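> Please find one structure pasted underneath; my questions will follow.
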Amino acid sequence: MRPVTSLLTVVSLALLLPGCREVARPLGAGPAGPVAADDLVSAVASRFGPIERGPAFEAARPKLARAALAPSNVFDEPDIWTTREANVRQLELFGQRAGEAYRLDARPSAPPPRDAGDYRARLRLRRIDEDRFEWTMREELAVGSVRPADISDALTELLRSAEGASAEEARASAAETFPRAADAFSRLFRLETLELTPEGGATAIRLGLRLDPDGMRDTAPEYAAFLEKWAAPVRMSAVATDASGARWWTVDVAEMLWTVRLRVRDGSLVPFDGAADRRVPDELKVRVDYSTKAGMFTIGLRGLVAEITLTRAPGEKGYEAHYRHEPEWRLPFLIKPFLRASLHYPFEEPGSSASYALRASADGPTELVREFRFRVRESWIVRWMGGRSDEAVSDFRQGAEVEADRYSRECLYALRDDVVTLLNETEPSPRAVVEDR
């Protein structure tokens, strides 16, 4: 649940489409009014802003990072886990706001989150046999009284606001409606392309955002250097399709330019081709190609397929992704033969999975919930590969992490202030009934 560039990219998309008060209105439509929007963004901002970590968790973090692909290294470490059973280890964490600070530490039998900003996580490591392990994680963040349907309605209004507008109107409207957030995001993101094209009764959207670390050098030099080293070599493409093969959205990344393509009608995504009266089905497949540089080598994968199931209940919005098909690996030719069994194992039944959801509760706060399951088959070559990710994590934590967290928090609080200002300026009106998208 840690937003760095991905979260900022998504929120930037919201800012760069035509901003309007109708986008903010649903966030304050519940019984709590504007307070719900304030709690939502403040909870996320405080959780992902600068954090005071307890000594036990701070000592465990680098060990866990190095053990992602070599879990046997930490399985018998007594100081890491809050619970140890025969073949299972568990670490529980609890975090909450303490004045201006946010404190996070290991805590056995951590209570469920109650106040906006409260956080609970349970990391489990199960030993299946001598060289096979399974990581699972569940994270819960209380975000106050905002309702999942309110978030869905806000997204509908956001997409609807792009219809019938020109790119010039969109830019001007975003700067006027979200002035604080637009200023904060512009320090890292530069809008290179914004096209809103009427097309067959719908509107095609093409949005190009470039990560520009130069704008961060004065205030976050370590973070800027980290992005230049690790983000610049990344190449990625992702395409979402349904069972018929129709495309619903694409994302392409190259040279720190993120290009997003959508097609919308009446506030809903519609397929790129064909009739514009279809709505997103409950099941999609997202195919991902990814590569980066590791010294003189290019490493990556082609054809990683996520089988997506959407959740659209009034009290829960989210998705679950399953990974059951091994992709084609792009690795140095001397290494690949040694990895065949280890690389296949995470995709064997039941495969790996990840899910995100916003869930309302009858007697508690709405929660943002993330879960994942990932299996590892250890080998000496997998351990060697783990060193690459460990290097990136180490680079991030040596200065860049604090700066990145501070910037994320500034952006989110700026967005919160703009949204709350809009809600306070808007006269209450009857809530429109919006079809669930």
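Residue numbering restarts at 1 in every chain; chains get A, B, ... in the order shown in the structure tokens, and ligands count up from 1 in that same order.
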Based on the backbone DSSP call, show me all residues of region 219-437 of chain A assigned strand (DSSP E or B), as a ChimeraX atom specification.

/A:235-241,247-254,257-265,268-269,283-294,297-313,316-323,328-330,352-359,367-377

> Using only C-alpha atoms, pick whichever of A:Cys411, A:Val251, A:Val420, A:Ala167 has the shortest atom-to-atom distance to Ala181 (chain A).

A:Cys411

> I'd like the neighbourhood of Arg53 (chain A) as a PyMOL selection string, where a residue qualifies if any of its atoms comes within 10 Å (using only C-alpha atoms), though same-chain residues fewer than 4 positions away should be ignored.

chain A and resi 57-59+95+102-106

> Using DSSP on the backbone coordinates, identify the residues of region 117-167 of chain A assigned to helix (DSSP H, G or I); present them as a PyMOL selection string.

chain A and resi 148-161+167

> Keeping only C-alpha atoms, write the selected residues to a file as a PDB file, in the first residue's frame.


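New file result_30.pdb:
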ATOM      1  CA  PRO A 148     -17.249   2.897  -1.628  1.00  0.00           C
ATOM      2  CA  ALA A 149     -20.195   3.981  -3.784  1.00  0.00           C
ATOM      3  CA  ASP A 150     -19.120   7.616  -3.281  1.00  0.00           C
ATOM      4  CA  ILE A 151     -15.680   6.840  -4.701  1.00  0.00           C
ATOM      5  CA  SER A 152     -17.311   5.055  -7.642  1.00  0.00           C
ATOM      6  CA  ASP A 153     -19.582   8.033  -8.294  1.00  0.00           C
ATOM      7  CA  ALA A 154     -16.643  10.451  -8.140  1.00  0.00           C
ATOM      8  CA  LEU A 155     -14.803   8.362 -10.743  1.00  0.00           C
ATOM      9  CA  THR A 156     -17.908   8.355 -12.936  1.00  0.00           C
ATOM     10  CA  GLU A 157     -18.103  12.144 -12.742  1.00  0.00           C
ATOM     11  CA  LEU A 158     -14.385  12.428 -13.475  1.00  0.00           C
ATOM     12  CA  LEU A 159     -14.702  10.411 -16.679  1.00  0.00           C
ATOM     13  CA  ARG A 160     -17.902  12.194 -17.647  1.00  0.00           C
ATOM     14  CA  SER A 161     -16.186  15.577 -17.243  1.00  0.00           C
ATOM     15  CA  ALA A 167      -7.697  19.654 -24.276  1.00  0.00           C
TER      16      ALA A 167
END

> Tell me which of A:Glu134, A:Asp79, A:Asp266, A:Asp242 sits closest to Glu163 (chain A), counting only C-alpha atoms.

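Residue with the minimum atom-to-atom distance to Glu163 (chain A): A:Asp266.
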
> Given the choices A:Gly208, A:Pro113, A:Pro213, A:Gly164, which gets closest to Leu188 (chain A) if the distance is worked out from only C-alpha atoms?

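Going through A:Gly208, A:Pro113, A:Pro213, A:Gly164 one by one, the smallest distance to Leu188 (chain A) is for A:Pro213.
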